[in-house]
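Scroll down for the structure; my scribbles are underneath it.
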Amino acid sequence: MRRQSDDTASISFTGLYTGEVWRRNDLAPHWLGSGAGPWLYRGLVPVEWLSRTLGGSNLRTILLQRHRIMDHLLAHWIREEGVTQVLEIASGLSPRGHRFRQCFPELTYVETDMPGMAERKRRALEQEGALSEGHQVLPLNVFHREGPESMEAVVAQCFRPSEPIVVITEGLTSYFTLEDMVPFWERIAALGARHPGSRYLMETYLVPRSGAFSRAIRMGANALGRLSDSDVTFHFADAGEVEQVFRGVGFAGVRVHDPAEYREHLDLPSNRGDAVVRVVAAGTG
Ligand SMILES: C[S@@+](CC[C@H](N)C(=O)[O-])C[C@H]1O[C@@H](n2cnc3c(N)ncnc32)[C@H](O)[C@@H]1O
């Protein structure tokens with residue numbers, strides 16, 4: 001069922017947990033945290049332990065796998081393919097914008113989130129003197145199709161036309177149904193008309209539709225959905241389904257990256273069995 005309300009700020013607290021994971025793994029500076037982050041982190045220790053012991057992986061493993069693969073792909077596109085513009089949607093307390101601007105000062109990096117989270121992030125960066133014309137934090141709601149908080153308005157305001165943009169969402173799409181995400185992905189693919197060569201980078205989770213593993217992981221997802229008042233959903237069972245949907249919404253090329261491909265090149269935590277997370281890189285052609 002299509003969601004009734006555009007106000008999805010109830011999801012924002014999850015960014016405090018991921019923010020703490022980035023901090024504890026030396027991906028984020030200490031000042032990019034929150035008062036609640038350490039409490040959430042400690043509170044989830046038993047759940048993370050149980051999940052790793054029984055299931056061979058846990059949320060922290062998945063978060064670090066997806067984050068480091070996304071960093072790797074973005075850095076590659078900047079170094080090898082001359083990307084100079086990045087729009088990160090739902091960036092929460094992610095340190096990526098700050099880290100990438102330190103490594104690549106010529107990059108235009110616009111971070112966005114729901115107004116409350118964007119304001120929190122903006123203040124943290126501003127206090128450190130880390131904002132500039134090339135690095136901004138703005139409010140953006142993925143369900144707004146027009147008005148100042150729409151992706152289209154932010155793109156028109158902040159990015160040079162005719163040049164490609166890398167659009168990133170990390171930890172966002174699984175809080176919504178596929179039906180809710182498809183129109184949003186269509187809008188990202190449509191950015192390619194004014195910004196040829198643009199790309200979309202996101203993560204997804206491949207979960208079979210039946211079986212004991214599927215039931216266990218869906219139970220966890222339902223609990224997270226209740227806590228965040230959202231429709232936590234696994235959209236795809238295999239990479240073929242991802243490719244089909246992304247081509248269907250208008251992307252020209254789609255590549256689904258498995259953490260297993262990166263074990264030897266990147267510092268990724270390992271899991272027992274197959275990883276569920278995949279990083280999706282889709283090009284607008
Ligand atoms: C799990 S957090 C991920 C944060 C960050 N990307 C990370 O990986 O640390 C989900 C984020 O989605 C944001 N969010 C929720 N609903 C949104 C919406 N409708 N539009 C844009 N962002 C939204 C939340 O505020 C929160 O920061």
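If you're wondering about the labels, chains in the structure tokens are A, B, ... by order shown, residues count from 1 in each chain, ligands from 1 in order shown.
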
Within-7 Å residues of ligand 1, basis only C-alpha atoms and all ligand atoms, as a PDB file with C-alpha atoms, in the first residue's frame:
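Printed below is part.pdb as written:
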ATOM      1  CA  ASP A   6       5.176  12.400   3.767  1.00  0.00           C
ATOM      2  CA  ASP A   7       6.341  13.003   7.322  1.00  0.00           C
ATOM      3  CA  THR A   8       8.693  10.111   7.932  1.00  0.00           C
ATOM      4  CA  ALA A   9      10.838  11.764  10.606  1.00  0.00           C
ATOM      5  CA  ILE A  11      12.807   6.984  11.042  1.00  0.00           C
ATOM      6  CA  SER A  12      15.431   9.604  11.890  1.00  0.00           C
ATOM      7  CA  PHE A  13      16.530   8.067  15.212  1.00  0.00           C
ATOM      8  CA  THR A  14      17.973   5.089  13.295  1.00  0.00           C
ATOM      9  CA  GLY A  15      20.586   7.505  11.928  1.00  0.00           C
ATOM     10  CA  THR A  18      24.424   4.229  12.368  1.00  0.00           C
ATOM     11  CA  GLY A  19      26.211   7.473  13.296  1.00  0.00           C
ATOM     12  CA  ILE A  89      20.051  12.003   0.345  1.00  0.00           C
ATOM     13  CA  ALA A  90      19.124  10.931   3.910  1.00  0.00           C
ATOM     14  CA  SER A  91      22.741  11.374   4.951  1.00  0.00           C
ATOM     15  CA  GLY A  92      21.879  11.425   8.684  1.00  0.00           C
ATOM     16  CA  LEU A  93      25.108  11.663  10.696  1.00  0.00           C
ATOM     17  CA  SER A  94      27.131   9.913   8.016  1.00  0.00           C
ATOM     18  CA  ASP A 113      17.888  14.806   5.115  1.00  0.00           C
ATOM     19  CA  MET A 114      14.543  15.479   6.772  1.00  0.00           C
ATOM     20  CA  MET A 117      18.166  15.743  10.989  1.00  0.00           C
ATOM     21  CA  LEU A 140      15.063  17.275   1.404  1.00  0.00           C
ATOM     22  CA  ASN A 141      12.144  14.865   1.616  1.00  0.00           C
ATOM     23  CA  VAL A 142      12.188  12.104  -0.994  1.00  0.00           C
ATOM     24  CA  PHE A 143       8.383  12.171  -1.222  1.00  0.00           C
ATOM     25  CA  THR A 169      21.057   6.996  -0.531  1.00  0.00           C
ATOM     26  CA  GLU A 170      22.364   4.779   2.230  1.00  0.00           C
ATOM     27  CA  GLY A 171      20.088   3.132   4.776  1.00  0.00           C
ATOM     28  CA  LEU A 172      16.926   4.724   3.390  1.00  0.00           C
TER      29      LEU A 172
END

Residues within 9 Å of region 181-189 of chain A, please, as a PyMOL selection string. Count only C-alpha atoms; anything in the same chain fewer than 2 positions from it doesn't count.
chain A and resi 142-143+145+151-152+167+173-174+176-179+191-193+198-200+245-246+248-252+282-284

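Comparing the minimum interatomic distances between Arg263 (chain A) and each of A:Gln65, A:Gln85, A:Ser51, A:Ser34, counting only C-alpha atoms, we find that A:Gln65 sits nearest.
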
Find the residues near Val276 (chain A): any atom within 8 Å, counting only C-alpha atoms, skip ones fewer than 4 places away on the same chain, and give them as a VMD selection string.
chain A and resid 62 205 to 207

So that I can see what lies close to Tyr41 (chain A), please list as a list in words the residues with an atom at most 8 Å from it, counting only C-alpha atoms and leaving out residues fewer than 2 positions away in the same chain.
Tyr17, Glu20, Val21, Gly37, Pro38, Trp39, Gly43, Leu44 and Val45 of chain A

Create the file for the chosen residues now, containing C-alpha atoms and written as an mmCIF file, in the first residue's frame.
data_model
loop_
_atom_site.group_PDB
_atom_site.id
_atom_site.type_symbol
_atom_site.label_atom_id
_atom_site.label_comp_id
_atom_site.auth_asym_id
_atom_site.auth_seq_id
_atom_site.Cartn_x
_atom_site.Cartn_y
_atom_site.Cartn_z
ATOM 1 C CA TYR A 17 22.673 4.348 15.735
ATOM 2 C CA GLU A 20 27.592 5.789 16.393
ATOM 3 C CA VAL A 21 28.751 2.792 14.343
ATOM 4 C CA GLY A 37 24.074 7.177 19.884
ATOM 5 C CA PRO A 38 26.155 5.538 22.657
ATOM 6 C CA TRP A 39 22.969 4.454 24.495
ATOM 7 C CA GLY A 43 21.430 -1.249 24.163
ATOM 8 C CA LEU A 44 21.791 -3.228 20.952
ATOM 9 C CA VAL A 45 24.915 -5.153 22.020
#

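With only C-alpha atoms as the atoms that count, the residue of A:His257, A:Arg24, A:Arg122, A:Arg52 with the shortest distance to Gly273 (chain A) is A:Arg52.
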
Identify which of the residues A:Leu224, A:Val86, A:Cys103, A:Val254 lies closest to Val155 (chain A), counting only C-alpha atoms when measuring atom-to-atom distances.
A:Val86

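When only C-alpha atoms are used to measure the gap to Arg68 (chain A), the shortest distance among A:Asn25, A:Gln136, A:Thr108, A:Thr53 belongs to A:Asn25.
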
Using only C-alpha atoms, the shortest atom-to-atom distance to Leu27 (chain A) among A:Arg99, A:Pro105, A:Val110, A:Gly147 belongs to A:Arg99

Run DSSP on the backbone and give me the residues of region 32-183 of chain A it puts in helix (DSSP H, G or I), as a VMD selection string.
chain A and resid 36 to 43 45 to 55 59 to 81 96 to 103 115 to 127 151 to 158 173 to 175 178 to 183

Need to verify the contact set: Leu74 (chain A), 12 Å, only C-alpha atoms, exclusion of same-chain residues closer than 4 positions in sequence. Can you return it as a ChimeraX atom specification?
/A:67-70,78-88,96-97,99-100,103-104,107,109,165-168,199-202,279-281

Skip His265 (chain A) itself and residues of its chain fewer than 3 positions away, then list as a ChimeraX atom specification all residues within 12 Å of it, counting only C-alpha atoms.
/A:68-69,72,259-262,268

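CA of Thr204 (chain A) to CA of Val242 (chain A) spans 8.7 Å [interatomic distance, one decimal].
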